[in-house]
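Everything below belongs to target.tsv, which stores TSV, C-alpha atoms and all ligand atoms.
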chain	number	residue	atom	x	y	z
D	166	MET	CA	72.14	17.92	66.12
D	167	ILE	CA	70.82	14.32	66.22
D	168	GLU	CA	72.29	11.94	63.71
D	169	PHE	CA	71.28	8.36	62.95
D	170	GLN	CA	74.00	6.48	61.07
D	171	SER	CA	72.91	3.12	59.61
D	172	VAL	CA	70.92	2.31	62.73
D	173	THR	CA	69.21	-1.07	62.88
D	174	LYS	CA	67.20	-2.51	65.75
D	175	GLN	CA	66.28	-6.13	65.72
D	176	TYR	CA	64.30	-7.43	68.66
D	177	GLN	CA	64.53	-11.13	69.50
D	178	GLY	CA	63.25	-13.02	66.44
D	179	GLY	CA	61.32	-11.51	63.56
D	180	GLN	CA	61.96	-8.63	61.18
D	181	PRO	CA	64.01	-5.59	62.07
D	182	ALA	CA	61.90	-3.00	63.93
D	183	VAL	CA	64.16	-0.30	62.47
D	184	ASP	CA	66.11	-1.08	59.32
D	185	ASP	CA	69.32	0.77	58.41
D	186	LEU	CA	68.08	4.21	59.41
D	187	SER	CA	70.25	7.16	58.46
D	188	MET	CA	68.98	10.67	59.00
D	189	SER	CA	70.06	13.97	60.40
D	190	ILE	CA	67.79	16.03	62.65
D	191	GLY	CA	68.33	19.77	62.73
D	192	LYS	CA	68.96	21.75	65.91
D	193	GLY	CA	66.05	23.87	67.11
D	194	SER	CA	63.54	22.30	64.76
D	195	ILE	CA	60.53	20.01	65.05
D	196	THR	CA	61.01	16.69	63.30
D	197	VAL	CA	58.01	14.40	63.12
D	198	PHE	CA	58.21	10.61	62.77
D	199	VAL	CA	54.99	9.42	61.17
D	200	GLY	CA	53.83	6.06	59.84
D	201	PRO	CA	51.48	3.16	60.42
D	202	SER	CA	51.42	1.15	63.64
D	203	GLY	CA	54.44	-1.04	64.19
D	204	CYS	CA	56.74	0.71	61.72
D	205	GLY	CA	59.39	1.52	64.33
D	206	LYS	CA	58.62	5.11	65.33
D	207	THR	CA	58.74	4.56	69.09
D	208	THR	CA	61.78	2.31	68.77
D	209	SER	CA	63.63	4.99	66.76
D	210	LEU	CA	62.68	7.67	69.28
D	211	ARG	CA	63.75	5.60	72.27
D	212	MET	CA	67.13	4.83	70.77
D	213	ILE	CA	67.92	8.55	70.97
D	214	ASN	CA	67.86	8.52	74.77
D	215	ARG	CA	68.96	4.88	75.09
D	216	MET	CA	65.71	3.54	76.44
D	217	VAL	CA	66.33	1.09	73.58
D	218	GLU	CA	69.84	0.16	72.40
D	219	PRO	CA	70.45	-0.30	68.65
D	220	THR	CA	71.58	-3.67	67.32
D	221	SER	CA	73.99	-1.88	65.00
D	222	GLY	CA	74.80	1.63	63.84
D	223	THR	CA	75.51	4.83	65.72
D	224	ILE	CA	73.44	7.72	67.08
D	225	THR	CA	75.11	11.00	67.93
D	226	VAL	CA	73.66	14.02	69.68
D	227	GLY	CA	75.61	17.23	69.26
D	228	GLY	CA	78.39	15.18	67.70
D	229	LYS	CA	78.67	12.89	70.71
D	230	ASP	CA	77.95	9.15	70.47
D	231	VAL	CA	75.06	8.53	72.85
D	232	THR	CA	76.66	5.29	74.07
D	233	SER	CA	79.48	7.37	75.54
D	234	VAL	CA	77.03	9.00	77.99
D	235	PRO	CA	75.64	6.98	80.93
D	236	ALA	CA	72.03	6.08	80.06
D	237	ALA	CA	70.49	7.65	83.18
D	238	GLU	CA	72.35	10.92	82.63
D	239	LEU	CA	71.40	10.96	78.96
D	240	ARG	CA	67.71	10.42	79.76
D	241	ARG	CA	67.67	13.28	82.23
D	242	SER	CA	69.20	15.57	79.60
D	243	MET	CA	66.24	15.03	77.29
D	244	GLY	CA	62.61	15.75	78.02
D	245	TYR	CA	60.35	12.80	77.30
D	246	VAL	CA	56.59	12.99	76.88
D	247	MET	CA	54.56	9.88	76.26
D	248	GLN	CA	51.06	9.17	75.07
D	249	SER	CA	49.54	8.63	78.50
D	250	ALA	CA	51.38	11.66	79.95
D	251	GLY	CA	53.01	9.07	82.27
D	252	LEU	CA	52.52	11.09	85.45
D	253	LEU	CA	53.21	9.63	88.89
D	254	PRO	CA	49.71	9.13	90.34
D	255	HIS	CA	50.62	9.60	94.00
D	256	ARG	CA	52.43	12.90	93.50
D	257	SER	CA	50.87	16.31	93.07
D	258	VAL	CA	51.07	18.06	89.71
D	259	VAL	CA	53.78	20.43	90.95
D	260	ASP	CA	55.85	17.56	92.33
D	261	ASN	CA	55.45	15.67	89.07
D	262	ILE	CA	56.80	18.63	87.13
D	263	ALA	CA	59.68	19.06	89.60
D	264	THR	CA	60.79	15.42	89.36
D	265	VAL	CA	63.79	15.76	87.04
D	266	PRO	CA	65.14	19.03	88.49
D	267	ARG	CA	65.04	17.34	91.93
D	268	LEU	CA	66.99	14.37	90.53
D	269	ASN	CA	69.47	16.88	89.13
D	270	GLY	CA	70.01	18.30	92.62
D	271	VAL	CA	67.87	21.46	92.43
D	272	SER	CA	66.51	22.45	95.86
D	273	LYS	CA	62.91	21.60	96.64
D	274	SER	CA	61.77	25.20	96.86
D	275	ASP	CA	63.52	26.23	93.62
D	276	ALA	CA	62.14	23.22	91.79
D	277	ARG	CA	58.62	23.99	92.98
D	278	ARG	CA	58.85	27.64	92.05
D	279	ARG	CA	60.03	26.68	88.57
D	280	ALA	CA	57.22	24.11	88.34
D	281	GLU	CA	54.66	26.79	89.10
D	282	GLU	CA	56.07	29.03	86.38
D	283	LEU	CA	55.82	26.12	83.97
D	284	LEU	CA	52.11	25.79	84.74
D	285	ASP	CA	51.73	29.27	83.24
D	286	VAL	CA	53.90	28.35	80.28
D	287	VAL	CA	51.69	25.38	79.31
D	288	GLY	CA	48.48	27.27	80.00
D	289	LEU	CA	47.35	25.67	83.27
D	290	ALA	CA	45.93	27.60	86.22
D	291	ARG	CA	48.31	27.59	89.19
D	292	HIS	CA	45.76	26.15	91.61
D	293	LEU	CA	45.84	22.91	89.59
D	294	GLY	CA	49.39	22.40	90.84
D	295	LYS	CA	48.12	21.00	94.13
D	296	ARG	CA	45.93	18.37	92.50
D	297	TYR	CA	46.81	14.79	91.71
D	298	PRO	CA	46.94	13.60	88.08
D	299	ALA	CA	43.66	11.65	88.39
D	300	GLN	CA	41.89	14.91	89.24
D	301	LEU	CA	42.76	16.42	85.85
D	302	SER	CA	41.24	15.99	82.39
D	303	GLY	CA	43.21	14.16	79.70
D	304	GLY	CA	44.20	17.42	78.02
D	305	GLN	CA	45.33	18.92	81.32
D	306	GLN	CA	47.41	15.82	82.05
D	307	GLN	CA	49.11	16.16	78.66
D	308	ARG	CA	49.97	19.76	79.48
D	309	VAL	CA	51.50	18.61	82.76
D	310	GLY	CA	53.45	16.01	80.78
D	311	VAL	CA	54.84	18.77	78.54
D	312	ALA	CA	55.64	20.98	81.56
D	313	ARG	CA	57.47	18.10	83.21
D	314	ALA	CA	59.51	17.46	80.07
D	315	LEU	CA	60.45	21.15	79.96
D	316	ALA	CA	61.31	21.40	83.66
D	317	ALA	CA	65.02	20.73	83.40
D	318	ASP	CA	65.18	23.00	80.32
D	319	PRO	CA	66.69	20.25	78.16
D	320	PRO	CA	67.81	21.14	74.64
D	321	VAL	CA	66.07	18.03	73.29
D	322	LEU	CA	62.42	17.02	73.68
D	323	LEU	CA	61.23	13.56	72.68
D	324	MET	CA	57.46	13.31	72.35
D	325	ASP	CA	55.74	9.98	71.62
D	326	GLU	CA	52.14	10.50	70.47
D	327	PRO	CA	51.65	13.04	73.27
D	328	PHE	CA	48.30	14.32	72.00
D	329	SER	CA	46.69	11.15	70.69
D	330	ALA	CA	44.52	10.47	73.74
D	331	VAL	CA	42.59	13.75	73.66
D	332	ASP	CA	39.65	14.92	71.55
D	333	PRO	CA	40.26	16.78	68.26
D	334	VAL	CA	39.51	20.23	69.68
D	335	VAL	CA	41.89	19.92	72.62
D	336	ARG	CA	44.40	18.30	70.31
D	337	ASP	CA	44.31	21.26	67.98
D	338	GLU	CA	44.78	23.58	70.97
D	339	LEU	CA	47.75	21.59	72.25
D	340	GLN	CA	49.34	21.60	68.78
D	341	GLN	CA	48.98	25.36	68.47
D	342	GLU	CA	50.41	25.82	71.93
D	343	LEU	CA	53.38	23.61	71.17
D	344	LEU	CA	54.09	25.74	68.08
D	345	ARG	CA	53.76	28.92	70.13
D	346	LEU	CA	56.08	27.55	72.84
D	347	GLN	CA	58.58	26.41	70.26
D	348	LYS	CA	58.87	29.95	68.87
D	349	ASP	CA	60.39	31.04	72.18
D	350	LEU	CA	62.11	27.84	73.24
D	351	ALA	CA	63.62	26.66	69.93
D	352	LYS	CA	64.17	23.14	71.30
D	353	THR	CA	65.19	20.24	69.13
D	354	ILE	CA	61.94	18.30	69.17
D	355	VAL	CA	61.36	14.81	67.86
D	356	PHE	CA	57.64	14.15	67.75
D	357	VAL	CA	55.99	10.79	66.97
D	358	THR	CA	52.48	10.50	65.58
D	359	HIS	CA	50.54	8.22	63.25
D	360	ASP	CA	48.44	11.18	62.08
D	361	ILE	CA	49.67	12.77	58.87
D	362	ASP	CA	47.66	15.93	59.56
D	363	GLU	CA	49.38	16.41	62.90
D	364	ALA	CA	52.71	15.70	61.22
D	365	THR	CA	52.24	18.35	58.54
D	366	VAL	CA	50.95	20.93	61.02
D	367	LEU	CA	53.82	20.54	63.47
D	368	GLY	CA	56.82	19.37	61.50
D	369	ASP	CA	59.57	21.52	60.09
D	370	LYS	CA	60.50	18.18	58.56
D	371	VAL	CA	58.58	14.93	58.44
D	372	ALA	CA	60.02	11.42	58.31
D	373	VAL	CA	57.54	8.90	56.91
D	374	PHE	CA	58.30	5.35	58.05
D	375	ALA	CA	57.08	2.23	56.25
D	376	VAL	CA	56.36	-1.11	57.86
D	377	GLY	CA	59.59	-2.97	58.50
D	378	GLY	CA	61.21	0.13	59.95
D	379	ARG	CA	62.34	1.67	56.69
D	380	LEU	CA	62.48	5.40	56.13
D	381	ALA	CA	60.25	6.01	53.08
D	382	GLN	CA	60.65	9.79	52.80
D	383	TYR	CA	62.24	12.55	54.81
D	384	ALA	CA	61.32	16.03	53.65
D	385	THR	CA	59.36	19.17	54.47
D	386	PRO	CA	55.59	18.67	54.92
D	387	GLU	CA	55.01	20.75	51.81
D	388	GLU	CA	57.18	18.46	49.73
D	389	ILE	CA	55.67	15.27	51.13
D	390	LEU	CA	52.17	16.45	50.21
D	391	ARG	CA	53.21	17.78	46.84
D	392	ALA	CA	55.59	15.04	45.77
D	393	PRO	CA	55.31	11.77	47.71
D	394	ALA	CA	58.46	9.74	47.07
D	395	ASN	CA	56.63	6.50	46.26
D	396	ASP	CA	53.26	4.72	46.27
D	397	PHE	CA	53.50	3.90	49.95
D	398	VAL	CA	53.93	7.54	50.96
D	399	ALA	CA	51.22	8.62	48.51
D	400	SER	CA	48.71	6.20	49.96
D	401	PHE	CA	49.70	6.98	53.53
D	402	VAL	CA	49.36	10.71	52.95
D	403	GLY	CA	45.88	9.94	51.69
D	404	ARG	CA	43.43	11.29	49.22
D	405	ASP	CA	43.00	14.75	50.75
D	406	ARG	CA	46.62	15.57	50.17
D	407	GLY	CA	45.89	17.97	47.32
D	408	PHE	CA	43.58	19.91	49.59
D	409	ARG	CA	45.97	19.76	52.53
D	410	HIS	CA	48.77	21.05	50.35
D	411	LEU	CA	46.78	24.26	50.01
D	412	GLY	CA	47.75	24.85	53.62
D	413	PHE	CA	51.23	25.66	52.31
D	414	THR	CA	50.13	27.93	49.48
D	415	PRO	CA	50.25	31.58	50.48
D	416	SER	CA	47.17	33.72	49.98
D	417	ASP	CA	49.06	36.88	48.94
D	418	GLY	CA	47.12	37.46	45.74
D	419	VAL	CA	43.66	37.12	47.21
D	420	THR	CA	41.43	40.20	46.85
D	421	LEU	CA	39.50	41.59	49.80
D	422	HIS	CA	36.19	43.09	48.73
D	423	PRO	CA	34.12	45.53	50.74
D	424	VAL	CA	31.01	44.03	52.30
D	425	PRO	CA	27.78	45.73	53.44
D	426	THR	CA	27.69	45.59	57.20
D	427	VAL	CA	25.03	46.30	59.74
D	428	VAL	CA	25.71	46.96	63.40
D	429	ARG	CA	23.76	44.99	65.92
D	430	GLY	CA	23.25	47.00	69.06
D	431	PRO	CA	23.36	45.70	72.62
D	432	SER	CA	19.60	45.16	72.57
D	433	GLY	CA	20.02	42.64	69.76
D	434	HIS	CA	18.20	44.75	67.17
D	435	GLU	CA	19.76	45.73	63.88
D	436	SER	CA	20.19	49.47	63.92
D	437	ASP	CA	19.76	49.72	60.14
D	438	PRO	CA	16.94	47.37	59.18
D	439	ALA	CA	16.25	49.20	55.90
D	440	ALA	CA	19.58	48.34	54.26
D	441	ALA	CA	19.91	47.15	50.65
D	442	GLY	CA	19.06	43.65	49.41
D	443	GLY	CA	21.36	40.66	49.38
D	444	TRP	CA	23.53	39.45	52.18
D	445	GLN	CA	24.63	41.73	54.97
D	446	LEU	CA	27.35	41.01	57.45
D	447	VAL	CA	26.19	41.67	61.00
D	448	VAL	CA	28.91	43.11	63.22
D	449	ASP	CA	29.18	44.39	66.77
D	450	ALA	CA	30.08	47.96	67.68
D	451	ASP	CA	33.80	47.08	67.30
D	452	MET	CA	33.31	45.70	63.78
D	453	ARG	CA	33.70	42.09	64.89
D	454	PRO	CA	31.58	39.70	62.81
D	455	LEU	CA	28.53	38.16	64.48
D	456	GLY	CA	26.88	36.42	61.53
D	457	TRP	CA	24.89	37.13	58.39
D	458	ALA	CA	21.46	38.59	57.72
D	459	THR	CA	19.21	38.76	54.67
D	460	PRO	CA	17.26	42.01	54.97
D	461	GLY	CA	13.61	41.78	54.09
D	462	THR	CA	13.35	38.25	55.45
D	463	ASP	CA	12.75	37.28	59.05
D	464	THR	CA	15.44	34.62	59.27
D	465	GLY	CA	17.32	36.60	61.93
D	466	LEU	CA	21.03	36.15	62.48
D	467	ILE	CA	22.56	33.28	60.47
D	468	PRO	CA	25.81	31.93	61.96
D	469	GLY	CA	28.89	32.73	59.87
D	470	GLY	CA	31.62	30.39	58.63
D	471	SER	CA	35.29	30.18	59.50
D	472	LEU	CA	37.29	33.42	59.52
D	473	PHE	CA	40.30	34.20	57.39
D	474	ARG	CA	43.25	36.31	58.42
D	475	PRO	CA	45.38	37.81	55.63
D	476	GLY	CA	48.73	36.06	55.66
D	477	GLU	CA	47.13	32.68	56.23
D	478	SER	CA	47.11	30.02	53.52
D	479	LEU	CA	44.76	29.65	50.56
D	480	ARG	CA	43.29	26.65	52.39
D	481	ARG	CA	41.99	28.99	55.07
D	482	ALA	CA	40.72	31.49	52.51
D	483	LEU	CA	38.85	28.78	50.62
D	484	ASP	CA	37.42	27.32	53.80
D	485	ALA	CA	36.18	30.74	54.91
D	486	ALA	CA	34.30	31.13	51.63
D	487	LEU	CA	32.98	27.54	51.48
D	488	SER	CA	31.78	27.56	55.08
D	489	SER	CA	30.04	30.92	54.86
D	490	PRO	CA	26.26	30.92	54.24
D	491	SER	CA	26.74	33.85	51.86
D	492	GLY	CA	29.61	32.19	49.97
D	493	LEU	CA	31.73	35.16	51.02
D	494	GLY	CA	34.61	34.40	53.37
D	495	VAL	CA	35.05	36.99	56.08
D	496	ALA	CA	38.56	38.35	56.52
D	497	VAL	CA	39.49	39.85	59.89
D	498	ASP	CA	42.55	41.59	61.27
D	499	SER	CA	44.55	40.50	64.31
D	500	GLU	CA	41.95	42.09	66.59
D	501	GLY	CA	39.11	40.26	64.90
D	502	LYS	CA	37.74	43.33	63.11
D	503	VAL	CA	36.24	42.87	59.66
D	504	LEU	CA	38.56	43.80	56.79
D	505	GLY	CA	36.36	42.61	53.92
D	506	VAL	CA	35.38	39.38	52.22
D	507	VAL	CA	36.98	36.88	49.85
D	508	ARG	CA	35.05	35.18	47.05
D	509	GLY	CA	35.30	31.41	46.61
D	510	GLY	CA	35.59	31.61	42.81
D	511	GLU	CA	38.52	34.00	43.04
D	512	VAL	CA	40.29	31.83	45.61
D	513	LEU	CA	39.85	28.82	43.31
D	514	ALA	CA	41.31	30.78	40.41
D	515	LEU	CA	44.37	31.59	42.54
D	516	ILE	CA	44.67	27.93	43.51
D	517	GLU	CA	44.70	26.95	39.84
D	518	GLU	CA	47.24	29.67	39.09
D	519	ALA	CA	49.53	28.45	41.90
D	520	ARG	CA	49.21	24.89	40.56
D	521	GLN	CA	50.24	25.97	37.07
D	522	ILE	CA	53.23	27.88	38.41
D	523	ARG	CA	54.32	24.81	40.38
D	524	GLN	CA	53.83	22.60	37.36
D	525	ALA	CA	55.90	24.91	35.18
D	526	ALA	CA	58.69	24.88	37.74
D	527	LEU	CA	59.03	21.07	37.60
C	601	LIG	N1	60.21	-4.81	73.40
C	601	LIG	C1	59.94	-5.37	72.21
C	601	LIG	N2	60.19	-6.67	71.96
C	601	LIG	C2	59.95	-7.23	70.76
C	601	LIG	N3	59.45	-6.56	69.71
C	601	LIG	C3	59.15	-5.27	69.89
C	601	LIG	C4	59.37	-4.60	71.14
C	601	LIG	N4	59.00	-3.31	71.02
C	601	LIG	C5	58.56	-3.18	69.74
C	601	LIG	N5	58.65	-4.35	69.07
C	601	LIG	C6	58.29	-4.57	67.67
C	601	LIG	O1	59.03	-3.67	66.87
C	601	LIG	C7	58.23	-3.14	65.85
C	601	LIG	C8	58.22	-1.60	65.93
C	601	LIG	O2	57.59	-1.22	67.15
C	601	LIG	P1	57.40	0.29	67.57
C	601	LIG	O3	56.81	0.31	68.94
C	601	LIG	O4	58.68	1.00	67.38
C	601	LIG	O5	56.35	0.78	66.49
C	601	LIG	P2	55.54	2.15	66.37
C	601	LIG	O6	55.80	2.66	65.01
C	601	LIG	O7	55.87	3.03	67.51
C	601	LIG	O8	54.03	1.64	66.45
C	601	LIG	P3	52.73	2.36	67.12
C	601	LIG	O9	52.28	3.38	66.13
C	601	LIG	O10	51.77	1.23	67.22
C	601	LIG	O11	53.14	2.92	68.43
C	601	LIG	C9	56.86	-3.76	65.99
C	601	LIG	O12	56.75	-4.84	65.10
C	601	LIG	C10	56.85	-4.24	67.41
C	601	LIG	O13	56.04	-5.38	67.55
C	602	MG	MG	54.73	3.80	69.11
Write out the structure in this file as structure tokens.
Ligand SMILES: Nc1ncnc2c1ncn2[C@@H]1O[C@H](COP(=O)(O)OP(=O)(O)OP(=O)(O)O)[C@@H](O)[C@H]1O
Ligand SMILES: [Mg+2]
Amino acid sequence: MIEFQSVTKQYQGGQPAVDDLSMSIGKGSITVFVGPSGCGKTTSLRMINRMVEPTSGTITVGGKDVTSVPAAELRRSMGYVMQSAGLLPHRSVVDNIATVPRLNGVSKSDARRRAEELLDVVGLARHLGKRYPAQLSGGQQQRVGVARALAADPPVLLMDEPFSAVDPVVRDELQQELLRLQKDLAKTIVFVTHDIDEATVLGDKVAVFAVGGRLAQYATPEEILRAPANDFVASFVGRDRGFRHLGFTPSDGVTLHPVPTVVRGPSGHESDPAAAGGWQLVVDADMRPLGWATPGTDTGLIPGGSLFRPGESLRRALDAALSSPSGLGVAVDSEGKVLGVVRGGEVLALIEEARQIRQAAL
């Protein structure tokens, strides 16, 4: 879909910002450019829509050399989201979102109607459409930025550190929403970040850039974590990479054990205070976990750890066990009802087994 062929960008004086870049970006996938500051990520991204022109080499989109398309037309055919959201401060949210469709000749009322639909798509309440960007939180502004980039329904979305200005919780939410959106939209997305975690969460493929604008590795996130191509990639990926790689190891073999539960009624009292010793999982009337209790003591409800859903990775299973006060990770179904518990020791044994299988395959 997007092809870089020996692309070099040299700004006036100094080293190349991008050095002989050749790579091919698949249609309908998320490709993440990641790397330290100044390694040429933004420059590479902006050459796709000709906000920056290469010094040499060729970029094609859908087989067509981008230099054969007038720059303004090309830019309008690709959604662009930048770090600061880049909204026009004196225009309402709805008018911001409608900007490109209006430039493309869509009527004002149609463009506004579409903009309002897009508020739903990115998870913003419709009444926010009348506000001005300064009246929104950072996370809300980023959502508007994404809605605006989607407004003309372009096949290509270019996103330059779109979530870097928001706190980790909102960032996680925005990432999950982008993945959810992408399931339906199947856009060709090029996403820039300097955060390897974000890269491995979002990317179908990840391109790691090294200083001097050289492509150090281009592979699936799983492969980059498992087998960094060189010392630079290994050090950039960091020392938690072994743990992060667990995020790609399926949890199929993990055993769910039954767990003693006790129902806490609406009054807040346990309905079965005389239950057996050891840990008890406290649940509501619908079997949703509320926390843990140790019968016979008066500690009350102890908050539980993270929850695990079968089908998720071993990383999630291990985290559920490690973060649980009982050492038992609570597994729930899609409705949040308790299915059973996983034991940390058993998850670790599966992790070791998966490692040995991988090793043997090399
Ligand atoms: N307009 C410009 N004129 C001259 N040099 C530039 C210009 N824009 C970028 N550079 C240089 O090109 C190199 C790559 O810059 P680029 O913005 O692509 O990096 P980046 O990977 O996006 O970094 P960051 O993570 O900090 O955003 C840097 O050394 C930068 O100083
Ligand atoms: Mg940049």
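Checking D:Arg256, D:Lys174, D:Arg453, D:Arg481 one by one against Leu513 in chain D, counting only C-alpha atoms, you find the shortest gap at D:Arg481.
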Do you know which residues are within 9 Å of ligand LIG 601 (chain C) using all atoms listed in the file? Can you write them as number ranges by chain? D: 174-183, 198-211, 217, 325-326, 357-359, 374-378
Which residues come within 10 Å of Pro454 in chain D, counting all atoms listed in the file, excluding same-chain residues fewer than 6 positions away, as a tab-separated table (two decimals) with C-alpha atoms, in the frame of the given file?
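Here's the written file around20.tsv:
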chain	number	residue	atom	x	y	z
D	426	THR	CA	27.69	45.59	57.20
D	427	VAL	CA	25.03	46.30	59.74
D	428	VAL	CA	25.71	46.96	63.40
D	429	ARG	CA	23.76	44.99	65.92
D	446	LEU	CA	27.35	41.01	57.45
D	447	VAL	CA	26.19	41.67	61.00
D	448	VAL	CA	28.91	43.11	63.22
D	468	PRO	CA	25.81	31.93	61.96
D	469	GLY	CA	28.89	32.73	59.87
D	472	LEU	CA	37.29	33.42	59.52
D	495	VAL	CA	35.05	36.99	56.08
D	496	ALA	CA	38.56	38.35	56.52
D	497	VAL	CA	39.49	39.85	59.89
D	501	GLY	CA	39.11	40.26	64.90
D	502	LYS	CA	37.74	43.33	63.11
D	503	VAL	CA	36.24	42.87	59.66
So that I can see what lies close to Gly251 in chain D, please list as a PyMOL selection string the residues with an atom at most 9 Å from it, counting only C-alpha atoms and leaving out residues fewer than 6 positions away in the same chain. chain D and resi 306-307+310
Name all residues at most 10 Å from Leu293 in chain D (count only C-alpha atoms; drop same-chain ones fewer than 4 positions away) and give them as a list in words. Ser257, Val258, Val259, Glu281, Leu284, Leu289, Tyr297, Pro298, Gln300, Leu301, Gln305 and Val309 of chain D
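Closest approach to Val271 in chain D among D:Arg240, D:Ala317, D:Val512, D:Glu518 is made by D:Ala317 (distances from all atoms listed in the file).
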Name the residues within 10 Å of (45.2, 29.5, 52.2), counting all atoms listed in the file in the file's coordinates, and put them as a list of chain:residue names. D:Arg409, D:His410, D:Leu411, D:Gly412, D:Phe413, D:Thr414, D:Pro415, D:Ser416, D:Asp417, D:Val419, D:Phe473, D:Arg474, D:Pro475, D:Gly476, D:Glu477, D:Ser478, D:Leu479, D:Arg480, D:Arg481, D:Ala482, D:Leu483, D:Asp484, D:Ala485, D:Val512, D:Leu515, D:Ile516
Computed interatomic separation between CA of Val402 in chain D and CA of Ala364 in chain D (Å):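 So the answer is 10.2 Å.
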Around the point (40.7, 44.5, 52.9), in the coordinates given by the file, pick out the residues reaching within 6 Å, counting all atoms listed in the file, and return them as a ChimeraX atom specification. /D:421,504-505
Neighbour list for Pro490 in chain D as an MDAnalysis selection string, cut-off 10 Å, all atoms listed in the file, skip fewer than 2 positions in-chain: chainID D and resid 444 456:458 467:470 485:488 492:494
Among the residues D:Met247, D:Val286, D:Leu315, D:Ile224, the one that comes closest to ligand MG 602 (chain C) [using only C-alpha atoms and all ligand atoms]: D:Met247
Just the number, please: distance in Å from CA of Leu322 in chain D to CA of Ser242 in chain D, one decimal.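 It comes out at 9.1 Å.
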D:Leu252, D:Leu466, D:Thr196, D:Asp349 ranked by distance to Thr365 in chain D, top pick (using all atoms listed in the file):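 Of the candidates, the smallest distance to Thr365 in chain D is held by D:Thr196.
Of the listed residues D:Ser272, D:Leu253, D:Met324, D:Thr220, the one whose atoms come nearest to ligand MG 602 (chain C) is D:Met324, with distances taken using all atoms listed in the file.
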CA of Glu500 in chain D and CA of Gln445 in chain D, how far apart in Å?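 Distance between the two atoms: 20.9 Å.
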D:Ala399, D:Ala392, D:Val287, D:Met212 ranked by distance to Gln341 in chain D, top pick (using only C-alpha atoms): D:Val287
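The residue set within 7 Å of Ala276 in chain D, counting only C-alpha atoms and dropping same-chain residues fewer than 6 places from it, reads D:Ala263, D:Pro266, D:Arg267.
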Quick one: what's the axis-aligned box for range 314-321 of chain D, all listed atoms, 3 Å on every side, centre and edges in Å to one decimal, as JSON?
{"center_x": 63.7, "center_y": 20.2, "center_z": 78.5, "size_x": 14.3, "size_y": 11.5, "size_z": 16.4}
Quick one: range 396-407 of chain D with N, CA and C atoms, as an mmCIF file, in the coordinates of the input?
data_model
loop_
_atom_site.group_PDB
_atom_site.id
_atom_site.type_symbol
_atom_site.label_atom_id
_atom_site.label_comp_id
_atom_site.auth_asym_id
_atom_site.auth_seq_id
_atom_site.Cartn_x
_atom_site.Cartn_y
_atom_site.Cartn_z
ATOM 1 N N ASP D 396 54.684 5.058 46.098
ATOM 2 C CA ASP D 396 53.260 4.720 46.270
ATOM 3 C C ASP D 396 52.894 4.588 47.747
ATOM 4 N N PHE D 397 53.811 4.051 48.532
ATOM 5 C CA PHE D 397 53.500 3.900 49.950
ATOM 6 C C PHE D 397 53.223 5.264 50.590
ATOM 7 N N VAL D 398 54.110 6.210 50.363
ATOM 8 C CA VAL D 398 53.930 7.540 50.960
ATOM 9 C C VAL D 398 52.645 8.175 50.419
ATOM 10 N N ALA D 399 52.422 8.035 49.108
ATOM 11 C CA ALA D 399 51.220 8.620 48.510
ATOM 12 C C ALA D 399 49.964 8.069 49.160
ATOM 13 N N SER D 400 49.925 6.764 49.378
ATOM 14 C CA SER D 400 48.710 6.200 49.960
ATOM 15 C C SER D 400 48.614 6.541 51.438
ATOM 16 N N PHE D 401 49.750 6.625 52.115
ATOM 17 C CA PHE D 401 49.700 6.980 53.530
ATOM 18 C C PHE D 401 49.244 8.423 53.718
ATOM 19 N N VAL D 402 49.725 9.292 52.868
ATOM 20 C CA VAL D 402 49.360 10.710 52.950
ATOM 21 C C VAL D 402 47.886 10.900 52.646
ATOM 22 N N GLY D 403 47.328 9.993 51.819
ATOM 23 C CA GLY D 403 45.880 9.940 51.690
ATOM 24 C C GLY D 403 45.320 10.791 50.577
ATOM 25 N N ARG D 404 43.997 10.668 50.409
ATOM 26 C CA ARG D 404 43.430 11.290 49.220
ATOM 27 C C ARG D 404 43.099 12.764 49.405
ATOM 28 N N ASP D 405 43.211 13.301 50.601
ATOM 29 C CA ASP D 405 43.000 14.750 50.750
ATOM 30 C C ASP D 405 44.287 15.535 50.595
ATOM 31 N N ARG D 406 45.335 14.875 50.121
ATOM 32 C CA ARG D 406 46.620 15.570 50.170
ATOM 33 C C ARG D 406 46.659 16.823 49.307
ATOM 34 N N GLY D 407 45.938 16.786 48.183
ATOM 35 C CA GLY D 407 45.890 17.970 47.320
ATOM 36 C C GLY D 407 45.289 19.149 48.070
#
